[in-house]
file start.cif (mmCIF, C-alpha atoms and all ligand atoms)
data_query
#
loop_
_atom_site.label_atom_id
_atom_site.label_comp_id
_atom_site.auth_asym_id
_atom_site.auth_seq_id
_atom_site.Cartn_x
_atom_site.Cartn_y
_atom_site.Cartn_z
CA MET A 829 28.42 11.03 8.61
CA LYS A 830 27.84 8.81 5.59
CA ILE A 831 24.25 8.11 4.64
CA ILE A 832 23.36 5.51 2.02
CA ALA A 833 19.82 5.91 0.72
CA ASP A 834 17.64 4.10 -1.81
CA GLU A 835 17.47 6.23 -4.96
CA ASN A 836 13.66 5.76 -4.98
CA MET A 837 13.25 7.64 -1.73
CA PRO A 838 11.87 11.04 -2.72
CA ASN A 839 13.60 14.12 -1.30
CA ALA A 840 16.37 12.06 0.31
CA LYS A 841 19.14 14.46 -0.73
CA ALA A 842 17.09 17.54 0.13
CA LEU A 843 16.22 16.28 3.61
CA PHE A 844 19.31 14.43 4.77
CA SER A 845 22.20 16.39 3.20
CA HIS A 846 22.54 18.74 6.14
CA LEU A 847 23.13 15.69 8.36
CA GLY A 848 25.88 14.08 6.27
CA ASP A 849 27.03 12.93 2.83
CA VAL A 850 24.12 11.26 1.09
CA GLU A 851 24.81 8.60 -1.54
CA LEU A 852 21.87 7.30 -3.55
CA VAL A 853 21.97 3.66 -4.62
CA ASN A 854 19.74 1.02 -6.21
CA GLY A 855 17.86 -0.46 -3.24
CA ARG A 856 17.30 -3.85 -4.85
CA THR A 857 21.03 -4.51 -5.26
CA ILE A 858 22.67 -2.95 -2.19
CA THR A 859 25.68 -5.01 -1.06
CA ASN A 860 27.58 -5.33 2.17
CA ASN A 861 30.58 -3.77 0.45
CA GLN A 862 28.60 -0.67 -0.55
CA ILE A 863 27.58 0.10 3.02
CA LYS A 864 30.63 -0.99 4.99
CA ASP A 865 31.72 2.54 5.92
CA ALA A 866 28.19 4.01 6.13
CA ASP A 867 26.68 5.23 9.40
CA VAL A 868 23.09 5.37 8.25
CA LEU A 869 21.19 3.12 5.86
CA LEU A 870 17.87 4.34 4.45
CA VAL A 871 15.84 1.78 2.53
CA ARG A 872 12.47 0.97 1.01
CA SER A 873 10.78 -2.42 0.85
CA VAL A 874 13.04 -3.92 -1.82
CA THR A 875 16.19 -4.10 0.35
CA LYS A 876 16.54 -7.17 2.55
CA VAL A 877 18.16 -5.78 5.66
CA THR A 878 19.82 -8.83 7.17
CA ARG A 879 22.88 -9.89 9.11
CA GLU A 880 24.52 -10.68 5.77
CA LEU A 881 24.01 -7.12 4.56
CA LEU A 882 25.07 -5.35 7.75
CA GLU A 883 27.75 -7.49 9.37
CA GLY A 884 31.09 -5.69 9.62
CA SER A 885 29.62 -2.33 8.61
CA SER A 886 29.55 0.81 10.75
CA VAL A 887 25.80 1.32 10.27
CA CYS A 888 24.18 2.38 13.54
CA PHE A 889 20.78 3.52 12.24
CA VAL A 890 18.49 1.90 9.68
CA GLY A 891 15.41 3.72 8.44
CA SER A 892 12.76 2.23 6.16
CA ALA A 893 10.43 4.74 4.49
CA THR A 894 7.71 2.10 4.36
CA ILE A 895 4.86 0.72 6.43
CA GLY A 896 5.73 -2.96 5.97
CA VAL A 897 8.82 -4.28 7.75
CA ASP A 898 8.91 -7.86 6.46
CA HIS A 899 12.17 -7.01 4.61
CA ILE A 900 13.96 -6.14 7.87
CA ASP A 901 15.52 -8.64 10.28
CA LEU A 902 14.36 -6.77 13.37
CA ASP A 903 15.72 -9.42 15.74
CA TYR A 904 19.21 -9.01 14.30
CA LEU A 905 19.07 -5.20 14.56
CA ALA A 906 17.99 -5.47 18.21
CA GLU A 907 20.68 -8.08 18.93
CA VAL A 908 23.50 -5.86 17.66
CA GLY A 909 22.00 -2.58 18.91
CA ILE A 910 21.34 -0.91 15.56
CA ALA A 911 18.56 1.66 15.90
CA PHE A 912 15.62 1.21 13.55
CA SER A 913 12.68 3.26 12.47
CA SER A 914 10.00 2.75 9.82
CA ALA A 915 7.16 4.99 8.68
CA PRO A 916 3.92 3.58 10.11
CA GLY A 917 0.85 4.91 8.37
CA CYS A 918 2.79 7.06 5.88
CA ASN A 919 0.92 5.78 2.85
CA ALA A 920 -2.28 4.42 4.43
CA GLU A 921 -4.43 7.05 2.68
CA ALA A 922 -2.74 6.26 -0.62
CA VAL A 923 -3.63 2.57 -0.30
CA ALA A 924 -7.21 3.46 0.61
CA ASP A 925 -7.33 5.65 -2.53
CA TYR A 926 -6.09 2.65 -4.53
CA VAL A 927 -8.88 0.45 -3.16
CA PHE A 928 -11.59 2.96 -4.09
CA SER A 929 -10.02 3.60 -7.47
CA GLY A 930 -10.11 -0.16 -8.11
CA LEU A 931 -13.79 -0.29 -7.19
CA SER A 932 -14.49 2.80 -9.31
CA HIS A 933 -12.85 1.10 -12.27
CA LEU A 934 -14.97 -2.03 -11.84
CA TYR A 935 -18.09 0.11 -11.59
CA MET A 936 -17.29 2.16 -14.69
CA THR A 937 -16.18 -0.80 -16.84
CA LYS A 938 -18.46 -3.62 -15.65
CA LYS A 939 -21.23 -1.71 -13.86
CA LEU A 940 -20.20 -3.69 -10.80
CA SER A 941 -21.93 -1.96 -7.92
CA TRP A 942 -20.31 -2.14 -4.45
CA LEU A 943 -21.96 0.64 -2.44
CA SER A 944 -24.78 -1.52 -1.15
CA LYS A 945 -22.82 -4.76 -1.00
CA LYS A 946 -21.20 -6.57 1.93
CA ILE A 947 -17.56 -5.55 2.34
CA GLY A 948 -14.88 -7.48 4.26
CA VAL A 949 -11.52 -6.00 5.20
CA ILE A 950 -8.61 -8.10 6.48
CA GLY A 951 -6.18 -6.31 8.81
CA TYR A 952 -7.21 -3.34 10.95
CA GLY A 953 -3.90 -1.51 11.12
CA ASN A 954 -3.25 1.94 9.66
CA VAL A 955 -4.28 0.87 6.16
CA GLY A 956 -7.14 -1.46 7.04
CA LYS A 957 -8.61 1.14 9.39
CA ALA A 958 -8.42 3.88 6.73
CA VAL A 959 -10.19 1.56 4.28
CA TYR A 960 -12.74 0.37 6.84
CA ASP A 961 -13.54 3.91 8.00
CA ARG A 962 -14.21 5.08 4.46
CA PHE A 963 -16.61 2.20 3.82
CA ALA A 964 -18.31 2.79 7.18
CA ASP A 965 -18.65 6.54 6.50
CA LEU A 966 -20.15 5.71 3.11
CA GLY A 967 -22.83 3.74 4.94
CA CYS A 968 -21.67 0.36 3.59
CA HIS A 969 -22.18 -2.91 5.41
CA VAL A 970 -18.51 -3.44 6.31
CA CYS A 971 -16.82 -5.93 8.61
CA ILE A 972 -13.23 -6.51 9.63
CA HIS A 973 -11.07 -9.51 10.41
CA ASP A 974 -8.10 -8.85 12.68
CA PRO A 975 -7.85 -11.34 15.55
CA ILE A 976 -5.01 -9.36 17.17
CA LYS A 977 -6.83 -6.00 17.18
CA GLU A 978 -10.09 -7.71 18.13
CA LYS A 979 -8.47 -8.97 21.35
CA GLU A 980 -7.42 -5.42 22.19
CA GLY A 981 -11.09 -4.40 22.02
CA GLY A 982 -12.63 -1.57 20.04
CA SER A 983 -15.89 -0.72 18.40
CA ALA A 984 -15.25 -1.93 14.84
CA ASN A 985 -17.39 -4.73 13.44
CA PHE A 986 -14.92 -7.61 14.01
CA VAL A 987 -15.82 -10.97 12.44
CA SER A 988 -14.21 -14.34 11.69
CA LEU A 989 -12.26 -15.04 8.52
CA ASP A 990 -15.13 -17.31 7.42
CA GLU A 991 -17.51 -14.38 7.51
CA ILE A 992 -15.13 -12.22 5.47
CA LEU A 993 -15.00 -14.96 2.84
CA CYS A 994 -18.78 -14.62 2.38
CA CYS A 995 -18.49 -10.92 1.49
CA ASP A 996 -19.02 -9.45 -1.97
CA VAL A 997 -15.82 -7.38 -1.75
CA ILE A 998 -12.73 -8.59 0.15
CA SER A 999 -9.85 -6.16 0.68
CA LEU A 1000 -6.58 -7.56 2.02
CA HIS A 1001 -4.37 -5.38 4.23
CA ALA A 1002 -2.54 -7.76 6.54
CA PRO A 1003 1.26 -7.76 6.74
CA LEU A 1004 3.29 -10.78 5.60
CA THR A 1005 4.29 -12.83 8.63
CA ASN A 1006 5.32 -16.45 9.02
CA SER A 1007 5.44 -16.61 12.81
CA GLY A 1008 3.64 -15.07 15.77
CA PRO A 1009 0.06 -15.59 16.90
CA CYS A 1010 -1.65 -15.32 13.47
CA PRO A 1011 0.79 -15.86 10.62
CA THR A 1012 -0.53 -14.56 7.32
CA MET A 1013 1.65 -16.34 4.79
CA GLY A 1014 -0.74 -18.28 2.56
CA MET A 1015 -3.70 -17.39 4.80
CA ILE A 1016 -5.94 -17.22 1.72
CA GLY A 1017 -5.32 -20.60 0.10
CA SER A 1018 -7.49 -23.11 -1.75
CA GLU A 1019 -9.60 -23.95 1.33
CA GLU A 1020 -10.45 -20.30 1.95
CA LEU A 1021 -10.99 -19.53 -1.73
CA ALA A 1022 -13.40 -22.48 -1.97
CA ARG A 1023 -15.68 -20.43 0.30
CA VAL A 1024 -15.80 -17.29 -1.84
CA SER A 1025 -18.80 -17.06 -4.13
CA ALA A 1026 -19.03 -16.33 -7.81
CA GLY A 1027 -19.03 -12.57 -8.42
CA VAL A 1028 -16.70 -11.76 -5.52
CA THR A 1029 -14.22 -8.88 -5.85
CA ILE A 1030 -10.81 -9.42 -4.24
CA ILE A 1031 -8.39 -6.55 -3.76
CA SER A 1032 -4.87 -7.50 -2.70
CA ALA A 1033 -2.71 -4.55 -1.69
CA GLY A 1034 -0.94 -5.84 1.45
CA ARG A 1035 1.81 -8.27 0.54
CA GLY A 1036 2.09 -10.99 -2.09
CA GLY A 1037 2.29 -14.34 -0.33
CA VAL A 1038 -0.77 -13.70 1.84
CA ILE A 1039 -2.94 -15.02 -0.97
CA GLU A 1040 -1.81 -18.19 -2.78
CA GLU A 1041 -1.58 -17.31 -6.45
CA ASN A 1042 -2.02 -20.84 -7.82
CA ALA A 1043 -5.08 -21.37 -5.64
CA LEU A 1044 -6.50 -18.11 -6.95
CA LEU A 1045 -5.93 -19.19 -10.56
CA GLU A 1046 -7.62 -22.51 -9.79
CA ARG A 1047 -10.64 -20.88 -8.16
CA TYR A 1048 -10.96 -18.49 -11.11
CA LYS A 1049 -11.24 -21.54 -13.40
CA GLN A 1050 -13.77 -23.25 -11.14
CA LEU A 1051 -15.95 -20.13 -11.17
CA ASP A 1052 -15.66 -19.75 -14.96
CA GLY A 1053 -13.86 -16.45 -14.53
CA ASN A 1054 -16.58 -14.94 -12.39
CA ILE A 1055 -14.18 -13.29 -9.91
CA HIS A 1056 -13.07 -9.67 -10.13
CA LEU A 1057 -9.47 -9.12 -9.15
CA VAL A 1058 -7.42 -6.03 -8.33
CA ILE A 1059 -3.88 -7.14 -7.56
CA ASP A 1060 -1.01 -4.86 -6.54
CA VAL A 1061 1.32 -7.24 -4.70
CA TRP A 1062 2.84 -10.46 -5.98
CA ASP A 1063 4.40 -13.52 -4.51
CA ALA A 1064 7.74 -13.44 -6.34
CA GLU A 1065 8.34 -9.71 -6.83
CA PRO A 1066 10.03 -8.35 -8.87
CA GLU A 1067 8.82 -11.27 -11.00
CA ILE A 1068 5.11 -11.40 -11.49
CA ASN A 1069 2.91 -14.33 -12.38
CA GLN A 1070 1.89 -13.58 -15.96
CA ASN A 1071 -0.89 -16.21 -15.83
CA LEU A 1072 -2.40 -14.23 -13.00
CA VAL A 1073 -1.88 -10.92 -14.82
CA SER A 1074 -3.83 -12.32 -17.76
CA ILE A 1075 -6.96 -12.94 -15.66
CA VAL A 1076 -7.07 -9.95 -13.35
CA ASP A 1077 -9.04 -6.75 -13.94
CA ILE A 1078 -6.26 -4.59 -12.56
CA ALA A 1079 -2.59 -5.56 -12.25
CA THR A 1080 -0.19 -3.02 -10.76
CA PRO A 1081 3.50 -3.19 -9.72
CA HIS A 1082 3.23 -2.73 -5.92
CA ILE A 1083 2.33 0.93 -6.13
CA ALA A 1084 -0.85 1.10 -4.03
CA GLY A 1085 1.03 3.28 -1.54
CA TYR A 1086 2.76 5.41 -4.18
CA SER A 1087 0.90 8.69 -3.83
CA LYS A 1088 3.27 11.65 -4.02
CA GLN A 1089 2.33 12.68 -0.49
CA GLY A 1090 2.54 9.10 0.88
CA ARG A 1091 6.07 8.57 -0.42
CA GLU A 1092 7.18 12.00 0.77
CA LYS A 1093 5.66 11.33 4.20
CA GLY A 1094 7.67 8.09 4.37
CA THR A 1095 10.97 9.93 3.86
CA TRP A 1096 9.87 12.69 6.24
CA MET A 1097 9.03 10.24 9.03
CA VAL A 1098 12.41 8.55 8.73
CA TYR A 1099 14.10 11.97 8.67
CA GLN A 1100 12.34 12.90 11.91
CA ALA A 1101 13.38 9.60 13.47
CA LEU A 1102 17.01 10.10 12.50
CA CYS A 1103 16.98 13.65 13.91
CA ARG A 1104 15.62 12.22 17.18
CA HIS A 1105 18.26 9.48 17.16
CA LEU A 1106 20.98 12.10 16.72
CA GLY A 1107 19.54 14.18 19.56
CA LEU A 1108 18.59 17.07 17.29
CA ASN A 1109 15.41 18.60 18.56
CA SER A 1110 14.93 21.24 15.90
CA HIS A 1111 14.51 20.17 12.30
CA VAL A 1112 16.11 22.29 9.64
CA ILE A 1113 13.41 21.32 7.19
CA ASN A 1114 9.73 21.80 8.01
CA LYS A 1115 7.06 19.23 7.27
CA LYS A 1116 5.12 21.65 5.05
CA ASP A 1117 8.23 22.05 2.85
CA ALA A 1118 8.74 18.30 2.66
CA ILE A 1119 5.23 17.23 1.67
CA SER A 1120 3.62 18.56 -1.50
CA SER A 1121 0.13 19.86 -1.89
CA GLY A 1122 -1.95 18.51 -4.78
CA TRP A 1123 -2.13 19.86 -8.33
CA LEU A 1124 -5.88 20.39 -8.24
CA SER A 1125 -7.42 22.09 -5.24
CA PHE A 1126 -10.97 21.40 -6.44
CA ILE A 1127 -12.92 19.63 -9.17
CA ASP A 1128 -16.55 19.85 -10.25
CA VAL A 1129 -18.54 16.72 -11.05
CA ALA A 1130 -21.51 16.72 -13.33
CA ALA A 1131 -24.94 16.10 -11.88
CA GLY A 1132 -27.42 13.73 -13.52
CA VAL A 1133 -25.64 10.43 -12.95
CA SER A 1134 -26.09 7.92 -10.14
CA GLN A 1135 -24.38 8.49 -6.79
CA GLU A 1136 -22.06 5.58 -7.42
CA GLU A 1137 -21.07 6.89 -10.83
CA MET A 1138 -20.46 10.32 -9.37
CA LEU A 1139 -18.19 8.80 -6.75
CA ALA A 1140 -16.34 6.83 -9.40
CA ARG A 1141 -15.90 9.82 -11.69
CA SER A 1142 -14.58 11.94 -8.84
CA VAL A 1143 -12.08 9.32 -7.70
CA GLN A 1144 -10.90 8.66 -11.25
CA ALA A 1145 -10.40 12.39 -11.89
CA ILE A 1146 -7.63 12.34 -9.27
CA TYR A 1147 -6.41 8.76 -9.56
CA ASP A 1148 -7.51 6.22 -12.12
CA VAL A 1149 -5.77 2.95 -11.30
CA ALA A 1150 -6.34 1.74 -14.87
CA ARG A 1151 -3.47 3.98 -16.01
CA ASP A 1152 -1.06 1.92 -13.88
CA ASP A 1153 -2.55 -1.34 -15.15
CA VAL A 1154 -2.23 -0.24 -18.79
CA ARG A 1155 1.36 0.85 -18.28
CA LEU A 1156 2.23 -2.50 -16.72
CA ARG A 1157 0.65 -4.54 -19.50
CA PHE A 1158 2.18 -2.33 -22.18
CA LYS A 1159 5.69 -2.44 -20.70
CA TYR A 1160 5.65 -6.21 -20.25
CA ARG A 1161 4.50 -6.64 -23.84
CA GLU A 1162 7.16 -4.24 -25.10
CA ASN A 1163 9.68 -5.88 -22.75
CA LYS A 1164 12.49 -3.45 -23.54
CA GLU A 1165 13.65 -3.03 -19.96
CA SER A 1166 15.58 -5.78 -18.22
CA ASN A 1167 13.48 -5.46 -15.10
CA VAL A 1168 10.05 -4.17 -16.03
CA PHE A 1169 8.62 -4.30 -12.50
CA ASP A 1170 11.30 -2.11 -10.96
CA TRP A 1171 11.37 0.17 -14.01
CA LEU A 1172 7.66 0.87 -13.60
CA ARG A 1173 8.13 1.68 -9.93
CA LYS A 1174 11.17 3.88 -10.54
CA HIS A 1175 9.41 5.80 -13.32
CA TYR A 1176 6.08 5.97 -11.56
CA VAL A 1177 3.83 8.75 -12.82
CA GLU A 1178 3.10 10.94 -9.83
CA ARG A 1179 -0.37 10.95 -8.34
CA ASP A 1180 -1.94 13.01 -5.58
CA GLU A 1181 -4.02 11.74 -2.69
CA LEU A 1182 -7.77 12.32 -2.82
CA ASN A 1183 -7.48 14.33 0.39
CA THR A 1184 -5.53 17.05 -1.46
CA CYS A 1185 -8.65 17.98 -3.43
CA THR A 1186 -12.23 19.13 -2.79
CA VAL A 1187 -15.08 17.98 -5.02
CA ARG A 1188 -17.87 20.44 -5.74
CA ALA A 1189 -20.96 18.34 -6.32
CA ASN A 1190 -24.31 19.98 -6.80
CA SER A 1191 -26.59 17.06 -6.45
CA ASN A 1192 -28.37 16.28 -3.19
CA GLY A 1193 -26.80 13.89 -0.74
CA VAL A 1194 -23.63 13.37 -2.72
CA SER A 1195 -21.33 15.75 -0.83
CA SER A 1196 -21.22 13.59 2.28
CA LEU A 1197 -20.39 10.51 0.18
CA ILE A 1198 -17.67 12.41 -1.66
CA ASP A 1199 -16.10 13.42 1.66
CA ALA A 1200 -16.42 9.88 3.00
CA VAL A 1201 -14.58 8.36 0.05
CA GLY A 1202 -11.50 10.39 0.97
CA PHE A 1203 -11.72 13.88 -0.55
CA SER A 1204 -11.00 16.99 1.46
CA ARG A 1205 -14.16 18.33 3.10
CA GLN A 1206 -15.79 21.32 1.44
N1 LIG A 1301 0.84 -2.22 -1.65
C1 LIG A 1301 1.44 -1.23 -1.04
O1 LIG A 1301 1.96 -0.32 -1.69
C2 LIG A 1301 1.46 -1.17 0.44
C3 LIG A 1301 1.35 -2.30 1.20
N2 LIG A 1301 1.37 -2.23 2.56
C4 LIG A 1301 1.24 -3.48 3.32
O2 LIG A 1301 0.05 -3.43 4.06
C5 LIG A 1301 0.31 -3.98 5.36
C6 LIG A 1301 -0.64 -3.34 6.34
O3 LIG A 1301 -0.29 -1.99 6.53
P1 LIG A 1301 -0.70 -1.25 7.89
O4 LIG A 1301 -2.15 -1.40 8.10
O5 LIG A 1301 -0.18 0.12 7.85
O6 LIG A 1301 0.11 -2.09 8.93
P2 LIG A 1301 -0.14 -2.16 10.48
O7 LIG A 1301 1.07 -2.82 11.04
O8 LIG A 1301 -0.58 -0.85 11.00
O9 LIG A 1301 -1.39 -3.16 10.62
C7 LIG A 1301 -1.38 -4.50 10.25
C8 LIG A 1301 -2.62 -5.12 10.89
O10 LIG A 1301 -2.74 -6.46 10.42
C9 LIG A 1301 -3.18 -7.23 11.52
N3 LIG A 1301 -2.92 -8.64 11.32
C10 LIG A 1301 -1.81 -9.33 11.60
N4 LIG A 1301 -2.01 -10.63 11.34
C11 LIG A 1301 -3.28 -10.76 10.89
C12 LIG A 1301 -4.08 -11.85 10.46
N5 LIG A 1301 -3.60 -13.12 10.45
N6 LIG A 1301 -5.34 -11.62 10.07
C13 LIG A 1301 -5.83 -10.36 10.07
N7 LIG A 1301 -5.14 -9.28 10.49
C14 LIG A 1301 -3.87 -9.50 10.87
C15 LIG A 1301 -2.45 -6.64 12.72
O11 LIG A 1301 -3.09 -6.97 13.93
C16 LIG A 1301 -2.53 -5.16 12.42
O12 LIG A 1301 -3.65 -4.56 12.99
C17 LIG A 1301 1.78 -3.63 5.63
O13 LIG A 1301 2.35 -4.56 6.51
C18 LIG A 1301 2.39 -3.71 4.27
O14 LIG A 1301 2.90 -5.00 4.10
C19 LIG A 1301 1.46 -1.03 3.21
C20 LIG A 1301 1.57 0.12 2.50
C21 LIG A 1301 1.64 0.15 1.06
O1 LIG A 1302 5.03 0.96 2.77
C1 LIG A 1302 5.01 -0.23 2.39
O2 LIG A 1302 4.96 -1.19 3.17
C2 LIG A 1302 5.02 -0.53 0.95
O3 LIG A 1302 4.58 -1.56 0.53
C3 LIG A 1302 5.62 0.51 0.06
O4 LIG A 1302 4.69 1.42 -0.39
C4 LIG A 1302 6.28 -0.17 -1.11
O5 LIG A 1302 7.12 0.72 -1.75
P1 LIG A 1302 8.68 0.43 -1.90
O6 LIG A 1302 9.27 0.55 -0.56
O7 LIG A 1302 8.83 -0.98 -2.39
O8 LIG A 1302 9.17 1.47 -2.82
#
call {"tool": "encode", "arguments": {"input": "start.cif", "output": "structure tokens"}}
result
Amino acid sequence: MKIIADENMPNAKALFSHLGDVELVNGRTITNNQIKDADVLLVRSVTKVTRELLEGSSVCFVGSATIGVDHIDLDYLAEVGIAFSSAPGCNAEAVADYVFSGLSHLYMTKKLSWLSKKIGVIGYGNVGKAVYDRFADLGCHVCIHDPIKEKEGGSANFVSLDEILCCDVISLHAPLTNSGPCPTMGMIGSEELARVSAGVTIISAGRGGVIEENALLERYKQLDGNIHLVIDVWDAEPEINQNLVSIVDIATPHIAGYSKQGREKGTWMVYQALCRHLGLNSHVINKKDAISSGWLSFIDVAAGVSQEEMLARSVQAIYDVARDDVRLRFKYRENKESNVFDWLRKHYVERDELNTCTVRANSNGVSSLIDAVGFSRQ
């Protein structure tokens, strides 16, 4: 069996080699010719899996080690009977870590407090729920907009988009869709941004295209720069809007989900799906061998600072999103690589999830907050 896999899929050779010959390729540039005699195609979000790519090939299984599936023509796969599997939820905790690292950065650099503010989350899927639950466990006033999940019922604090736009912090976790009951493409445009107030924090870690970049730049001007922005996903990836980069607090190259464990889980989930597809009920490789533990099993945080600062210091000890922002700005300035965006993603400096570590905090009342923000419970 011939398996073509994106070279940015961690552990691909280790996991799949016992099933067939694994060839690693650049996911951004995969061609129809490269995969014509392959049986299995394993991708990440940068490969557009379309009729054009697959037609005439012998591929009978496509796996995407990602949550998002907007790069896959699912209708075409169904039409021609190619099996498909993605990795729902694989990096949800990683994205939630990113959100809290962004807020920690804003607190430590601008003293921008969020703990007692009104928080709005858009999208209540695996990521949005992980983010929402952390805010709720922290005791924040948090609400959620997800008309599809709201219809299904549930106890979360569902609200309209208008209400989200009145929040102090808005965190975007909807997929990119341009059809269906509630398409998200451009859902945050100039009309919606006109309703956000000065001082708002917007975190965009779903997909570029959900928020209109020019409208965001315009609103930033209207509010004299009084908007705080943490942006991971961009409309024209791998190109990024440098005007937007110049005004945001944090700019990162679509790495919110790039925890070591999240990426490994993505490959692992696709591996499991392929084993199922092939009718293999025992896996040669165990989950515990495929997903790493963290480097630090515990950290101590100093007492004597505010609860919010303690939270921020703890989060930043494991993952400080500013390191990814600095790398991006530095690399674009240096501009030695032909494709800076993909270079940064390929050479991503590993990071662990907060849940791989326990924080030992001595001061009263902080332990429960530390657990709620995503660390492993003591
Ligand atoms: N920046 C990054 O590295 C990552 C980005 N993502 C993106 O985040 C998205 C969300 O991930 P998950 O929560 O795991 O996906 P999911 O598929 O579990 O949930 C998506 C949720 O969005 C809701 N939704 C759809 N249309 C909506 C609308 N118009 N308004 C509000 N909510 C709407 C759906 O009902 C669903 O509950 C993914 O589709 C992916 O594009 C995911 C992982 C990493
Ligand atoms: O899982 C998703 O959806 C994502 O957005 C991925 O984390 C993006 O990573 P790549 O697939 O582009 O490496």
call {"tool": "atom_distance", "arguments": {"input": "start.cif", "atom1": "CA of Gly967 (chain A)", "atom2": "CA of Leu1197 (chain A)"}}
result
8.6 Å
call {"tool": "atom_distance", "arguments": {"input": "start.cif", "atom1": "CA of Glu1136 (chain A)", "atom2": "CA of Gly930 (chain A)"}}
result
13.3 Å
call {"tool": "residues_around", "arguments": {"input": "start.cif", "residues": "Thr1186 (chain A)", "least_positions_apart": "4", "cutoff": "6 Å", "atoms": "only C-alpha atoms", "output": "PDB file with C-alpha atoms, keeping the file's coordinate frame"}}
result
ATOM      1  CA  PHE A1126     -10.970  21.400  -6.440  1.00  0.00           C
ATOM      2  CA  PHE A1203     -11.720  13.880  -0.550  1.00  0.00           C
ATOM      3  CA  SER A1204     -11.000  16.990   1.460  1.00  0.00           C
ATOM      4  CA  GLN A1206     -15.790  21.320   1.440  1.00  0.00           C
TER       5      GLN A1206
END
call {"tool": "residues_near_ligand", "arguments": {"input": "start.cif", "ligand": "ligand LIG 1302 (chain A)", "cutoff": "7 Å", "atoms": "all atoms listed in the file", "output": "ChimeraX atom specification"}}
result
/A:836,872-874,893-897,919,1082-1086
call {"tool": "residues_near_ligand", "arguments": {"input": "start.cif", "ligand": "ligand LIG 1301 (chain A)", "cutoff": "7 Å", "atoms": "all atoms listed in the file", "output": "ChimeraX atom specification"}}
result
/A:894-897,916-917,919-920,923,950-956,973-977,1001-1004,1010-1012,1033-1035,1060-1061,1082-1086
call {"tool": "atom_distance", "arguments": {"input": "start.cif", "atom1": "CA of Asn860 (chain A)", "atom2": "CA of Leu882 (chain A)"}}
result
6.1 Å
call {"tool": "residues_around", "arguments": {"input": "start.cif", "residues": "Ile1113 (chain A)", "least_positions_apart": "5", "cutoff": "9 Å", "atoms": "all atoms listed in the file", "output": "ChimeraX atom specification"}}
result
/A:842-843,1118
call {"tool": "residues_around", "arguments": {"input": "start.cif", "residues": "Ile972 (chain A)", "least_positions_apart": "4", "cutoff": "9 Å", "atoms": "all atoms listed in the file", "output": "MDAnalysis selection string"}}
result
chainID A and resid 947:952 956:957 960 984:989 992
call {"tool": "closest_residue", "arguments": {"input": "start.cif", "among": "A:Ala866, A:Ile1127, A:Leu1139, A:Met1097", "to": "Trp942 (chain A)", "atoms": "all atoms listed in the file"}}
result
A:Leu1139
